[in-house]
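*Asks:* Input coords-v5.txt, format and content: compact mmCIF, C-alpha atoms and all ligand atoms.
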```txt
# COMPACT_ATOMS: atom_id res chain seq x y z
CA GLY A 1 0.53 -29.87 -13.52
CA HIS A 2 2.45 -26.95 -14.95
CA PRO A 3 1.86 -23.43 -13.73
CA VAL A 4 -0.65 -21.43 -15.72
CA TYR A 5 -1.02 -17.69 -16.31
CA ARG A 6 -4.01 -17.59 -13.96
CA ASP A 7 -1.63 -18.30 -11.05
CA MET A 8 0.46 -15.19 -11.75
CA PRO A 9 -1.76 -12.72 -13.60
CA THR A 10 -0.50 -9.42 -15.04
CA THR A 11 -1.03 -6.84 -12.31
CA ILE A 12 -3.98 -4.54 -12.98
CA PHE A 13 -1.70 -1.54 -12.36
CA GLU A 14 0.73 -2.38 -15.17
CA HIS A 15 -2.15 -3.41 -17.43
CA MET A 16 -3.90 -0.06 -17.02
CA SER A 17 -0.69 2.03 -17.13
CA ALA A 18 0.36 0.30 -20.36
CA ARG A 19 -3.04 1.10 -21.87
CA ALA A 20 -2.77 4.71 -20.67
CA ARG A 21 0.66 5.01 -22.34
CA GLU A 22 -0.70 3.53 -25.60
CA THR A 23 -3.78 5.75 -25.71
CA GLY A 24 -2.32 8.91 -24.13
CA ALA A 25 -5.05 8.85 -21.46
CA ILE A 26 -4.68 10.79 -18.19
CA ASN A 27 -3.49 8.08 -15.82
CA LEU A 28 -5.56 8.10 -12.63
CA GLY A 29 -5.14 4.30 -12.45
CA GLN A 30 -1.83 3.16 -10.93
CA GLY A 31 -1.08 5.22 -7.83
CA PHE A 32 1.81 7.66 -8.22
CA PRO A 33 2.23 11.39 -7.69
CA GLU A 34 2.58 13.63 -10.71
CA GLY A 35 5.37 15.77 -9.25
CA PRO A 36 9.12 14.89 -9.21
CA GLY A 37 9.33 14.45 -5.41
CA PRO A 38 10.82 16.79 -2.78
CA GLN A 39 13.80 18.68 -4.27
CA ASP A 40 15.97 18.19 -1.16
CA VAL A 41 15.59 14.41 -1.27
CA LEU A 42 16.42 14.30 -4.99
CA GLN A 43 19.48 16.47 -4.35
CA ALA A 44 20.63 14.23 -1.49
CA ALA A 45 20.40 11.17 -3.78
CA ALA A 46 22.33 12.95 -6.55
CA ASP A 47 25.05 14.07 -4.08
CA ALA A 48 25.31 10.58 -2.60
CA LEU A 49 25.62 9.05 -6.07
CA LEU A 50 28.66 11.23 -6.78
CA THR A 51 30.32 11.27 -3.37
CA ARG A 52 29.48 7.96 -1.69
CA SER A 53 30.06 4.29 -2.51
CA SER A 54 28.06 2.59 -5.22
CA GLN A 55 29.20 -0.86 -4.09
CA TYR A 56 27.02 -3.22 -2.05
CA PRO A 57 25.79 -1.60 1.13
CA PRO A 58 25.32 -3.86 4.19
CA MET A 59 22.73 -6.56 3.42
CA PRO A 60 20.12 -5.36 5.98
CA GLY A 61 20.49 -1.74 4.82
CA LEU A 62 22.59 1.34 5.61
CA ILE A 63 22.83 1.82 9.36
CA GLU A 64 22.10 5.53 8.80
CA LEU A 65 18.72 4.67 7.27
CA ARG A 66 17.84 2.02 9.87
CA THR A 67 18.66 4.49 12.64
CA ALA A 68 16.68 7.28 10.95
CA LEU A 69 13.67 4.95 10.61
CA ALA A 70 13.79 3.93 14.29
CA ASP A 71 13.89 7.65 15.24
CA HIS A 72 11.11 8.51 12.77
CA TYR A 73 8.77 5.84 14.15
CA ALA A 74 9.55 6.87 17.74
CA ARG A 75 8.62 10.49 16.94
CA ARG A 76 5.64 9.91 14.64
CA GLN A 77 4.08 6.75 16.08
CA GLY A 78 5.52 6.38 19.59
CA LEU A 79 7.22 3.06 18.71
CA ASP A 80 10.31 1.67 20.38
CA LEU A 81 12.17 0.00 17.49
CA SER A 82 15.91 -0.54 17.36
CA PRO A 83 17.90 -0.26 14.10
CA GLN A 84 18.52 -4.03 14.44
CA ASP A 85 14.75 -4.60 14.07
CA ILE A 86 14.70 -2.96 10.62
CA ILE A 87 15.66 -4.47 7.25
CA VAL A 88 15.71 -2.26 4.16
CA THR A 89 14.19 -3.80 1.03
CA SER A 90 13.79 -2.86 -2.63
CA GLY A 91 10.28 -1.53 -2.12
CA ALA A 92 7.42 -2.68 0.10
CA THR A 93 6.51 -5.31 -2.50
CA GLU A 94 9.83 -7.02 -1.82
CA ALA A 95 9.16 -6.73 1.92
CA ILE A 96 5.82 -8.52 1.47
CA ALA A 97 7.40 -11.24 -0.68
CA ALA A 98 10.37 -11.66 1.69
CA SER A 99 8.08 -11.88 4.73
CA LEU A 100 5.93 -14.56 3.11
CA LEU A 101 8.98 -16.51 1.88
CA ALA A 102 10.50 -16.35 5.36
CA LEU A 103 7.45 -17.18 7.45
CA VAL A 104 4.96 -19.32 5.48
CA ARG A 105 5.49 -23.09 5.42
CA PRO A 106 3.62 -25.11 2.78
CA GLY A 107 0.07 -25.70 4.01
CA ASP A 108 0.07 -22.79 6.46
CA GLU A 109 -3.09 -20.76 6.26
CA VAL A 110 -2.81 -17.03 5.66
CA LEU A 111 -5.72 -14.87 6.79
CA MET A 112 -6.38 -11.81 4.62
CA LEU A 113 -9.02 -9.11 4.40
CA ALA A 114 -10.52 -8.24 1.01
CA PRO A 115 -10.39 -5.85 -0.73
CA LEU A 116 -6.76 -6.99 -0.82
CA TYR A 117 -3.77 -5.56 -2.65
CA ASP A 118 -3.31 -7.53 -5.85
CA ALA A 119 0.16 -8.92 -5.06
CA TYR A 120 -0.93 -10.72 -1.88
CA LEU A 121 -2.82 -13.69 -3.21
CA PRO A 122 -0.38 -14.81 -5.97
CA LEU A 123 2.56 -14.50 -3.56
CA VAL A 124 0.80 -16.38 -0.74
CA GLU A 125 -0.09 -19.20 -3.13
CA ARG A 126 3.40 -19.39 -4.69
CA VAL A 127 5.01 -19.90 -1.29
CA GLY A 128 2.60 -22.77 -0.63
CA GLY A 129 0.27 -20.90 1.68
CA VAL A 130 -3.47 -21.49 1.78
CA ALA A 131 -5.43 -18.25 1.47
CA ARG A 132 -8.31 -17.59 3.88
CA VAL A 133 -9.97 -14.40 2.69
CA VAL A 134 -12.51 -12.51 4.80
CA LYS A 135 -14.45 -10.20 2.52
CA LEU A 136 -15.28 -6.75 3.79
CA MET A 137 -18.24 -5.24 2.00
CA PRO A 138 -19.39 -1.72 1.15
CA PRO A 139 -20.64 0.71 2.17
CA ASP A 140 -18.94 0.52 5.57
CA TRP A 141 -16.23 -2.19 5.04
CA ARG A 142 -16.14 -2.96 8.76
CA VAL A 143 -14.17 -5.85 10.33
CA THR A 144 -16.15 -8.14 12.65
CA ARG A 145 -15.04 -10.77 15.16
CA ASP A 146 -17.50 -13.38 13.86
CA ALA A 147 -16.25 -13.23 10.27
CA LEU A 148 -12.62 -13.45 11.35
CA GLU A 149 -13.16 -16.26 13.85
CA ALA A 150 -15.03 -18.28 11.23
CA ALA A 151 -11.97 -18.08 8.96
CA ILE A 152 -9.34 -19.05 11.57
CA THR A 153 -8.39 -22.72 11.95
CA PRO A 154 -5.60 -24.51 13.86
CA ARG A 155 -3.50 -24.23 10.68
CA THR A 156 -3.77 -20.43 10.47
CA ARG A 157 -0.33 -18.94 11.00
CA ILE A 158 -0.26 -15.48 9.42
CA LEU A 159 -2.51 -12.44 9.21
CA LEU A 160 -1.58 -10.36 6.12
CA MET A 161 -3.25 -6.99 6.21
CA ASN A 162 -3.10 -3.45 4.88
CA ASN A 163 -3.91 -0.35 6.96
CA PRO A 164 -4.82 2.27 5.76
CA VAL A 165 -6.52 0.23 3.07
CA ASN A 166 -5.76 0.44 -0.66
CA PRO A 167 -8.13 0.79 -2.60
CA THR A 168 -10.92 2.08 -0.32
CA GLY A 169 -9.02 4.68 1.70
CA ILE A 170 -10.47 3.13 4.86
CA VAL A 171 -8.56 3.67 8.12
CA LEU A 172 -9.18 0.79 10.53
CA ARG A 173 -10.68 1.93 13.82
CA GLU A 174 -8.95 1.49 17.15
CA ALA A 175 -11.47 -1.21 18.14
CA GLU A 176 -10.91 -3.13 14.89
CA LEU A 177 -7.13 -3.08 15.40
CA ALA A 178 -7.57 -4.18 19.02
CA LEU A 179 -9.73 -7.07 17.78
CA LEU A 180 -7.09 -8.09 15.21
CA ALA A 181 -4.36 -7.90 17.86
CA ASP A 182 -6.47 -9.98 20.22
CA LEU A 183 -7.04 -12.66 17.57
CA CYS A 184 -3.31 -12.74 16.74
CA THR A 185 -2.30 -13.28 20.37
CA THR A 186 -5.13 -15.76 21.07
CA HIS A 187 -4.45 -17.88 17.98
CA ASP A 188 -0.66 -17.38 17.93
CA LEU A 189 -0.59 -15.62 14.54
CA ILE A 190 2.16 -13.47 13.07
CA ALA A 191 0.79 -10.22 11.62
CA LEU A 192 2.29 -8.91 8.37
CA CYS A 193 1.11 -5.35 8.43
CA ASP A 194 1.49 -3.41 5.17
CA GLU A 195 1.40 0.21 6.36
CA VAL A 196 2.74 1.96 3.27
CA TRP A 197 -0.07 4.56 3.52
CA GLU A 198 0.81 5.55 7.12
CA GLU A 199 1.79 9.12 6.12
CA THR A 200 -1.23 9.71 3.88
CA VAL A 201 -4.00 9.77 6.50
CA TYR A 202 -6.31 12.81 6.33
CA ASP A 203 -8.81 14.80 8.35
CA GLY A 204 -6.45 15.04 11.31
CA LEU A 205 -6.61 11.33 12.13
CA PRO A 206 -3.52 9.58 13.53
CA HIS A 207 -2.00 6.39 12.10
CA ARG A 208 -2.14 3.53 14.60
CA PRO A 209 0.41 0.78 13.95
CA LEU A 210 -0.70 -2.75 14.88
CA ILE A 211 2.80 -3.46 16.27
CA GLY A 212 2.02 -0.97 19.05
CA PHE A 213 -0.92 -2.99 20.41
CA PRO A 214 -0.54 -5.23 23.51
CA GLY A 215 1.22 -8.49 22.72
CA MET A 216 2.06 -7.49 19.12
CA ARG A 217 5.65 -6.24 19.44
CA GLU A 218 7.05 -9.79 19.20
CA ARG A 219 4.66 -11.05 16.49
CA THR A 220 4.29 -8.22 13.96
CA VAL A 221 6.17 -7.39 10.78
CA LYS A 222 5.55 -3.70 10.04
CA ILE A 223 6.14 -2.87 6.38
CA GLY A 224 6.74 0.66 5.05
CA SER A 225 7.72 2.52 1.88
CA ALA A 226 9.88 5.55 1.12
CA GLY A 227 8.20 5.73 -2.28
CA LYS A 228 4.94 6.63 -0.54
CA ILE A 229 6.38 8.82 2.26
CA PHE A 230 8.55 10.86 -0.14
CA SER A 231 6.31 10.66 -3.23
CA VAL A 232 9.03 8.90 -5.27
CA THR A 233 7.36 5.58 -6.19
CA GLY A 234 10.05 4.53 -8.68
CA TRP A 235 12.80 4.47 -6.06
CA LYS A 236 11.62 1.15 -4.65
CA VAL A 237 13.04 1.70 -1.18
CA GLY A 238 11.00 -0.06 1.50
CA TRP A 239 11.56 -1.80 4.82
CA MET A 240 10.27 -4.38 7.26
CA CYS A 241 10.43 -4.03 11.04
CA ALA A 242 10.19 -6.97 13.45
CA ALA A 243 11.65 -8.25 16.72
CA PRO A 244 14.89 -10.30 16.48
CA PRO A 245 13.80 -13.93 16.01
CA ILE A 246 11.52 -12.90 13.14
CA ALA A 247 13.89 -10.19 11.84
CA THR A 248 16.63 -12.82 11.43
CA LEU A 249 14.37 -14.95 9.22
CA LEU A 250 13.30 -11.90 7.20
CA ALA A 251 16.93 -10.99 6.54
CA ARG A 252 17.63 -14.52 5.27
CA ALA A 253 14.82 -14.21 2.72
CA HIS A 254 15.89 -10.69 1.69
CA GLN A 255 19.50 -11.81 1.06
CA PHE A 256 18.30 -14.28 -1.60
CA LEU A 257 15.76 -11.96 -3.23
CA THR A 258 17.55 -8.65 -3.93
CA PHE A 259 20.37 -8.79 -1.33
CA THR A 260 20.63 -4.99 -1.17
CA THR A 261 18.99 -1.75 -2.31
CA PRO A 262 20.75 1.18 -4.09
CA PRO A 263 22.88 2.90 -1.41
CA ASN A 264 22.48 6.47 -2.67
CA LEU A 265 18.68 6.18 -2.46
CA GLN A 266 18.92 4.71 1.05
CA TRP A 267 21.19 7.60 2.05
CA ALA A 268 18.80 10.21 0.65
CA VAL A 269 15.82 8.66 2.47
CA ALA A 270 17.83 8.69 5.71
CA GLN A 271 18.53 12.42 5.24
CA GLY A 272 14.88 13.17 4.45
CA LEU A 273 13.61 11.33 7.53
CA GLY A 274 15.88 13.51 9.67
CA TRP A 275 14.44 16.83 8.46
CA PRO A 276 11.90 18.79 10.51
CA GLU A 277 8.51 17.13 10.15
CA ASP A 278 6.64 20.23 8.91
CA TRP A 279 7.10 19.22 5.30
CA LEU A 280 5.38 15.85 5.93
CA ASN A 281 2.40 17.63 7.43
CA ASP A 282 2.35 20.10 4.51
CA GLN A 283 2.49 17.22 2.02
CA ARG A 284 -0.40 15.54 3.80
CA ALA A 285 -2.46 18.76 3.65
CA ALA A 286 -1.70 19.09 -0.08
CA TYR A 287 -2.88 15.52 -0.78
CA GLN A 288 -6.01 16.13 1.27
CA ALA A 289 -6.73 19.24 -0.82
CA SER A 290 -6.29 17.17 -4.01
CA ARG A 291 -8.68 14.54 -2.66
CA ASP A 292 -11.25 17.23 -1.95
CA ARG A 293 -10.77 18.86 -5.36
CA LEU A 294 -11.32 15.59 -7.25
CA ALA A 295 -14.28 14.62 -5.03
CA ALA A 296 -15.97 18.01 -5.46
CA GLY A 297 -15.42 18.09 -9.23
CA LEU A 298 -16.73 14.56 -9.71
CA SER A 299 -19.77 15.25 -7.51
CA GLN A 300 -20.53 18.34 -9.55
CA ALA A 301 -20.35 16.15 -12.66
CA GLY A 302 -22.96 13.81 -11.19
CA TYR A 303 -20.72 11.04 -9.85
CA VAL A 304 -21.31 9.70 -6.35
CA VAL A 305 -17.97 9.59 -4.52
CA GLN A 306 -17.29 7.21 -1.61
CA PRO A 307 -15.58 8.91 1.34
CA SER A 308 -11.83 8.25 1.47
CA GLY A 309 -9.87 8.95 4.66
CA ALA A 310 -6.39 7.96 3.48
CA THR A 311 -4.13 6.84 0.56
CA TRP A 312 -3.97 8.57 -2.85
CA PHE A 313 -7.32 7.11 -3.91
CA LEU A 314 -11.03 7.70 -3.86
CA SER A 315 -13.79 5.63 -5.46
CA ILE A 316 -16.90 6.42 -7.44
CA ASP A 317 -20.04 4.34 -7.01
CA LEU A 318 -21.38 3.51 -10.48
CA PRO A 319 -25.02 2.52 -9.80
CA ALA A 320 -25.43 5.38 -7.30
CA SER A 321 -24.18 7.65 -10.10
CA GLY A 322 -26.85 6.25 -12.44
CA ILE A 323 -24.36 4.17 -14.46
CA THR A 324 -25.36 0.58 -15.24
CA MET A 325 -21.98 -0.76 -16.45
CA ASP A 326 -19.83 -2.91 -14.17
CA ASP A 327 -16.45 -1.56 -13.02
CA VAL A 328 -14.32 -3.35 -15.65
CA THR A 329 -16.57 -2.25 -18.51
CA PHE A 330 -16.59 1.32 -17.21
CA CYS A 331 -12.77 1.41 -16.92
CA ASN A 332 -12.39 0.03 -20.46
CA ARG A 333 -14.86 2.57 -21.84
CA ILE A 334 -13.41 5.67 -20.12
CA ILE A 335 -9.85 4.88 -21.14
CA ASP A 336 -10.88 4.76 -24.82
CA GLU A 337 -13.75 7.24 -24.92
CA ALA A 338 -12.91 9.79 -22.20
CA GLY A 339 -9.11 9.46 -22.13
CA VAL A 340 -8.94 8.69 -18.40
CA ALA A 341 -7.44 5.53 -16.86
CA ALA A 342 -8.83 4.13 -13.58
CA ILE A 343 -8.79 0.86 -11.62
CA PRO A 344 -11.79 -1.48 -11.11
CA ILE A 345 -12.22 -2.39 -7.42
CA SER A 346 -13.10 -5.98 -8.41
CA ALA A 347 -9.35 -6.43 -9.07
CA PHE A 348 -8.92 -6.39 -5.28
CA TYR A 349 -11.16 -9.44 -4.67
CA PRO A 350 -10.30 -13.08 -5.46
CA ASP A 351 -13.78 -13.44 -7.00
CA ASP A 352 -16.25 -10.73 -7.98
CA PRO A 353 -18.50 -9.78 -5.07
CA VAL A 354 -17.91 -6.04 -5.59
CA THR A 355 -18.16 -4.81 -9.19
CA HIS A 356 -19.72 -1.38 -8.84
CA LEU A 357 -16.81 0.77 -7.63
CA VAL A 358 -13.98 2.41 -9.57
CA ARG A 359 -10.76 3.73 -7.98
CA LEU A 360 -9.24 7.06 -9.10
CA CYS A 361 -5.84 8.42 -8.02
CA PHE A 362 -5.83 12.05 -6.82
CA SER A 363 -2.07 12.63 -6.20
CA LYS A 364 -1.92 14.87 -9.27
CA SER A 365 -1.68 18.58 -10.09
CA ASP A 366 -4.85 20.69 -9.97
CA ALA A 367 -4.65 21.10 -13.76
CA THR A 368 -4.53 17.34 -14.34
CA LEU A 369 -7.40 16.71 -11.92
CA ASP A 370 -9.49 19.44 -13.53
CA GLN A 371 -8.87 18.05 -16.99
CA ALA A 372 -9.81 14.54 -15.86
CA ILE A 373 -12.99 15.88 -14.22
CA GLU A 374 -13.90 17.70 -17.42
CA ARG A 375 -13.41 14.54 -19.49
CA LEU A 376 -15.40 12.38 -17.07
CA ALA A 377 -18.17 15.00 -16.98
CA ALA A 378 -18.37 14.93 -20.79
CA PHE A 379 -18.45 11.11 -20.84
CA ARG A 380 -21.72 10.97 -18.88
N1 LIG A 401 0.50 0.59 -5.08
C1 LIG A 401 0.18 1.07 -6.39
C2 LIG A 401 -1.31 1.21 -6.56
O1 LIG A 401 -2.06 0.71 -5.78
C3 LIG A 401 0.67 0.17 -7.49
C4 LIG A 401 2.09 -0.26 -7.35
C5 LIG A 401 2.48 -1.19 -8.47
O2 LIG A 401 1.95 -1.10 -9.56
N2 LIG A 401 3.35 -2.10 -8.17
O3 LIG A 401 -1.75 1.79 -7.51
```
Would you give me this structure, written as structure tokens?
*Replies:*
Amino acid sequence: GHPVYRDMPTTIFEHMSARARETGAINLGQGFPEGPGPQDVLQAAADALLTRSSQYPPMPGLIELRTALADHYARRQGLDLSPQDIIVTSGATEAIAASLLALVRPGDEVLMLAPLYDAYLPLVERVGGVARVVKLMPPDWRVTRDALEAAITPRTRILLMNNPVNPTGIVLREAELALLADLCTTHDLIALCDEVWEETVYDGLPHRPLIGFPGMRERTVKIGSAGKIFSVTGWKVGWMCAAPPIATLLARAHQFLTFTTPPNLQWAVAQGLGWPEDWLNDQRAAYQASRDRLAAGLSQAGYVVQPSGATWFLSIDLPASGITMDDVTFCNRIIDEAGVAAIPISAFYPDDPVTHLVRLCFSKSDATLDQAIERLAAFR
């Protein structure tokens, strides 16, 4: 039959941001920083716009950016990528779509872990993939071999995963990543690894890329985002990294999706990646302080906060906080009655096994966080 709206729903992030704009609520829903982004990166983009070409850059991206990314990943994550392994995209969302378009054949099964980012399932289904979702459950959200093995069949071809995890702020453990790598090599799967939160990991923990595990270099697509690393989400500069046979396929998909990405933004990101890394560590410390500020304020107001080790998000547990509403009802009520927008965690599951958690974004100024805390305290 014809496609129906259910197949391509309105993303929860746009839905909630539109409602926040209408009502004037403080938007702790969709994840974006409140600040303008690092001044030096903005200046580099402005300079490049006036002094460099605005015509099509090379289809796989500016060589300056691809080289800067290879160097950045060597320094920060010990990876040995060549510029030829990297294709610049118009945001990580394009990288996910391009990877699925390039690699999924109709009927191929795609293994995913829920909670899953809301773009994954509609894209997998539109390219003809069959979703196999392993649900991770609170409070610990751990990945187990039994659950994964039960979901893998001879038709499974792709593992699509996110680490660190949006919305929970979970960082997968070394043993969990080793298990995923082992399953990929044993069952001949390609891993699409959405690592856009790689530079927002807190409490001194490192980010461990799946592509660095034994046997994964030739079968992993590592996806990243300048919007997240540089706190400029509207730029939509992302990338995908993979070894040559896969990288060639990815480039073919990218050429028919967006073809290229604004060259001045690519140039500015390349400059920013080349600067001394202190600022990245300072940015990370600032986000960690914001996480702690929101968590402390909400706790003081009687909300039970789930620990978050990464991303720009933390969650509150409604029943543990003495609230009997489900997550969707709570989000609808606080946007109208408290003037705060949030995201229900059930939006990250294909059905509704988890309806008691609400995600709040903490990449905001202290004043905004304090005002949101005050409003949520008064709502109780
Ligand atoms: N990644 C953002 C979030 O989780 C949303 C991005 C988008 O809306 N496309 O809030």
*Asks:* Report the distance between atom CA of Gly272 of chain A and atom CA of Ala44 of chain A in Å, rounded to one decimal place.
*Replies:*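 If I compute the distance from atom CA of Gly272 of chain A to atom CA of Ala44 of chain A, I get 8.3 Å.
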*Asks:* Using all atoms listed in the file, can you tell me which of A:Ala95, A:Met240, A:Ala247, A:Ile12 comes closest to ligand LIG 401 (chain A)?
*Replies:* A:Ile12
*Asks:* With all atoms listed in the file counted, collect every polymer residue having an atom within 9 Å of ligand LIG 401 (chain A); state the result as a list in words.
*Replies:*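 Checking all atoms listed in the file against ligand LIG 401 (chain A) at 9 Å gives Thr11, Ile12, Phe13, Glu14, Ser17, Leu28, Gly29, Gln30, Gly31, Phe32, Thr93, Tyr117, Asp118, Ala119, Asn166, Pro167, Val196, Lys228, Thr233, Trp312, Phe313, Ile343 and Cys361 of chain A.
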*Asks:* Can you tell me, as a list in words, what residues are no more than 10 Å from Asp292 of chain A when counting all atoms listed in the file, ignoring any on the same chain fewer than 3 positions away?
*Replies:*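 Everything that qualifies: Ala286, Tyr287, Gln288, Ala289, Ala295, Ala296, Gly297, Leu298, Pro307, Ser308, Leu314 and Phe362 of chain A.
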*Asks:* Write the residues you've just listed into a file as an mmCIF file, keeping the file's coordinate frame, and include C-alpha atoms for each of them.
*Replies:*
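The resulting file, selection-v1.cif, is shown below:
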```
data_model
loop_
_atom_site.group_PDB
_atom_site.id
_atom_site.type_symbol
_atom_site.label_atom_id
_atom_site.label_comp_id
_atom_site.auth_asym_id
_atom_site.auth_seq_id
_atom_site.Cartn_x
_atom_site.Cartn_y
_atom_site.Cartn_z
ATOM 1 C CA ALA A 286 -1.700 19.090 -0.080
ATOM 2 C CA TYR A 287 -2.880 15.520 -0.780
ATOM 3 C CA GLN A 288 -6.010 16.130 1.270
ATOM 4 C CA ALA A 289 -6.730 19.240 -0.820
ATOM 5 C CA ALA A 295 -14.280 14.620 -5.030
ATOM 6 C CA ALA A 296 -15.970 18.010 -5.460
ATOM 7 C CA GLY A 297 -15.420 18.090 -9.230
ATOM 8 C CA LEU A 298 -16.730 14.560 -9.710
ATOM 9 C CA PRO A 307 -15.580 8.910 1.340
ATOM 10 C CA SER A 308 -11.830 8.250 1.470
ATOM 11 C CA LEU A 314 -11.030 7.700 -3.860
ATOM 12 C CA PHE A 362 -5.830 12.050 -6.820
#
```
*Asks:* Pick from A:Thr89, A:Ser225, A:Ser54, A:Thr186: nearest to Phe256 of chain A, with all atoms listed in the file counted?
*Replies:* A:Thr89
*Asks:* Could you tell me how far atom CA of Ala70 of chain A sits from atom CA of Trp275 of chain A, in Å to one decimal place?
*Replies:* 14.2 Å
*Asks:* With distances taken over all atoms listed in the file, which of A:Ile26, A:Leu376, A:Leu123, A:Val130 is nearest to Pro106 of chain A?
*Replies:*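 Using all atoms listed in the file, Pro106 of chain A sits closest to A:Val130.
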*Asks:* Between atom CA of Met325 of chain A and atom CA of Leu116 of chain A, what distance in Å does the model show, to one decimal?
*Replies:*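 One can read the atom CA of Met325 of chain A to atom CA of Leu116 of chain A distance as 22.7 Å.
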*Asks:* Ranking A:Ile96, A:Leu111, A:Ile87, A:Ala372 by minimum distance to Thr67 of chain A and counting all atoms listed in the file, which one comes first?
*Replies:*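 Closest to Thr67 of chain A, using all atoms listed in the file: A:Ile87.
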*Asks:* Using all atoms listed in the file, which of the listed residues (A:Gln371, A:Glu218, A:Gly212, A:Ser346) sits closest to Tyr73 of chain A?
*Replies:*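 Among A:Gln371, A:Glu218, A:Gly212, A:Ser346, it is A:Gly212 that comes nearest to Tyr73 of chain A.
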*Asks:* Please identify all polymer residues within 7 Å of segment 56-64 of chain A, counting only C-alpha atoms, omitting same-chain residues fewer than 2 positions from it, and present them as a PyMOL selection string.
*Replies:* chain A and resi 54+66-68+87-88+251+255+259-260+263+266+270
*Asks:* Tell me which residues come within 12 Å of (8.4, 17.0, 9.1), as JSON, numbers by chain, counting all atoms listed in the file in the file's coordinates.
*Replies:* {"A": [72, 75, 76, 199, 229, 230, 271, 272, 273, 274, 275, 276, 277, 278, 279, 280, 281, 282, 283, 284]}
*Asks:* I need every residue sitting at most 10 Å from the point (16.6, 9.4, -3.3) (coordinates as in the file, all atoms listed in the file considered), written as a compact mmCIF listing (two decimals) with C-alpha atoms, in the coordinates of the input.
*Replies:*
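As a result, result.txt now contains:
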```
# COMPACT_ATOMS: atom_id res chain seq x y z
CA GLY A 37 9.33 14.45 -5.41
CA PRO A 38 10.82 16.79 -2.78
CA GLN A 39 13.80 18.68 -4.27
CA ASP A 40 15.97 18.19 -1.16
CA VAL A 41 15.59 14.41 -1.27
CA LEU A 42 16.42 14.30 -4.99
CA GLN A 43 19.48 16.47 -4.35
CA ALA A 44 20.63 14.23 -1.49
CA ALA A 45 20.40 11.17 -3.78
CA ALA A 46 22.33 12.95 -6.55
CA ASP A 47 25.05 14.07 -4.08
CA ALA A 48 25.31 10.58 -2.60
CA LEU A 49 25.62 9.05 -6.07
CA ALA A 226 9.88 5.55 1.12
CA GLY A 227 8.20 5.73 -2.28
CA PHE A 230 8.55 10.86 -0.14
CA VAL A 232 9.03 8.90 -5.27
CA GLY A 234 10.05 4.53 -8.68
CA TRP A 235 12.80 4.47 -6.06
CA LYS A 236 11.62 1.15 -4.65
CA VAL A 237 13.04 1.70 -1.18
CA PRO A 262 20.75 1.18 -4.09
CA PRO A 263 22.88 2.90 -1.41
CA ASN A 264 22.48 6.47 -2.67
CA LEU A 265 18.68 6.18 -2.46
CA GLN A 266 18.92 4.71 1.05
CA TRP A 267 21.19 7.60 2.05
CA ALA A 268 18.80 10.21 0.65
CA VAL A 269 15.82 8.66 2.47
CA ALA A 270 17.83 8.69 5.71
CA GLN A 271 18.53 12.42 5.24
CA GLY A 272 14.88 13.17 4.45
```
*Asks:* Restricting the calculation to only C-alpha atoms, which member of A:Val358, A:Ala341, A:Ile190, A:Val104 is positioned closest to Val304 of chain A?
*Replies:*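 Among the listed residues, the smallest separation from Val304 of chain A belongs to A:Val358.
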*Asks:* If you count all atoms listed in the file, which residues fall within 9 Å of Leu160 of chain A, apart from same-chain ones fewer than 5 positions away, as a PyMOL selection string?
*Replies:* chain A and resi 96+110-113+120+190-194
*Asks:* As lines of an AutoDock Vina configuration file, what would the box around segment 203-215 of chain A look like: edges along x, y and z, 8 Å added on every side, centre and edge lengths in Å to one decimal?
*Replies:*
```
center_x = -3.0
center_y = 3.3
center_z = 15.9
size_x = 27.6
size_y = 39.5
size_z = 31.2
```
*Asks:* Generate the coordinates of N, CA and C atoms for segment 58-65 of chain A; report them as an mmCIF file, in the frame of the given file.
*Replies:*
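Listed below is the output, part37.cif:
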```
data_model
loop_
_atom_site.group_PDB
_atom_site.id
_atom_site.type_symbol
_atom_site.label_atom_id
_atom_site.label_comp_id
_atom_site.auth_asym_id
_atom_site.auth_seq_id
_atom_site.Cartn_x
_atom_site.Cartn_y
_atom_site.Cartn_z
ATOM 1 N N PRO A 58 25.590 -2.695 3.342
ATOM 2 C CA PRO A 58 25.320 -3.860 4.190
ATOM 3 C C PRO A 58 23.972 -4.496 3.814
ATOM 4 N N MET A 59 23.925 -5.823 3.868
ATOM 5 C CA MET A 59 22.730 -6.560 3.420
ATOM 6 C C MET A 59 21.430 -6.074 4.068
ATOM 7 N N PRO A 60 21.393 -5.812 5.400
ATOM 8 C CA PRO A 60 20.120 -5.360 5.980
ATOM 9 C C PRO A 60 19.823 -3.879 5.753
ATOM 10 N N GLY A 61 20.727 -3.161 5.095
ATOM 11 C CA GLY A 61 20.490 -1.740 4.820
ATOM 12 C C GLY A 61 21.533 -0.863 5.489
ATOM 13 N N LEU A 62 21.651 0.388 5.006
ATOM 14 C CA LEU A 62 22.590 1.340 5.610
ATOM 15 C C LEU A 62 22.179 1.599 7.050
ATOM 16 N N ILE A 63 23.151 1.583 7.951
ATOM 17 C CA ILE A 63 22.830 1.820 9.360
ATOM 18 C C ILE A 63 22.239 3.223 9.546
ATOM 19 N N GLU A 64 22.658 4.173 8.699
ATOM 20 C CA GLU A 64 22.100 5.530 8.800
ATOM 21 C C GLU A 64 20.598 5.522 8.546
ATOM 22 N N LEU A 65 20.157 4.730 7.571
ATOM 23 C CA LEU A 65 18.720 4.670 7.270
ATOM 24 C C LEU A 65 17.966 3.905 8.364
#
```
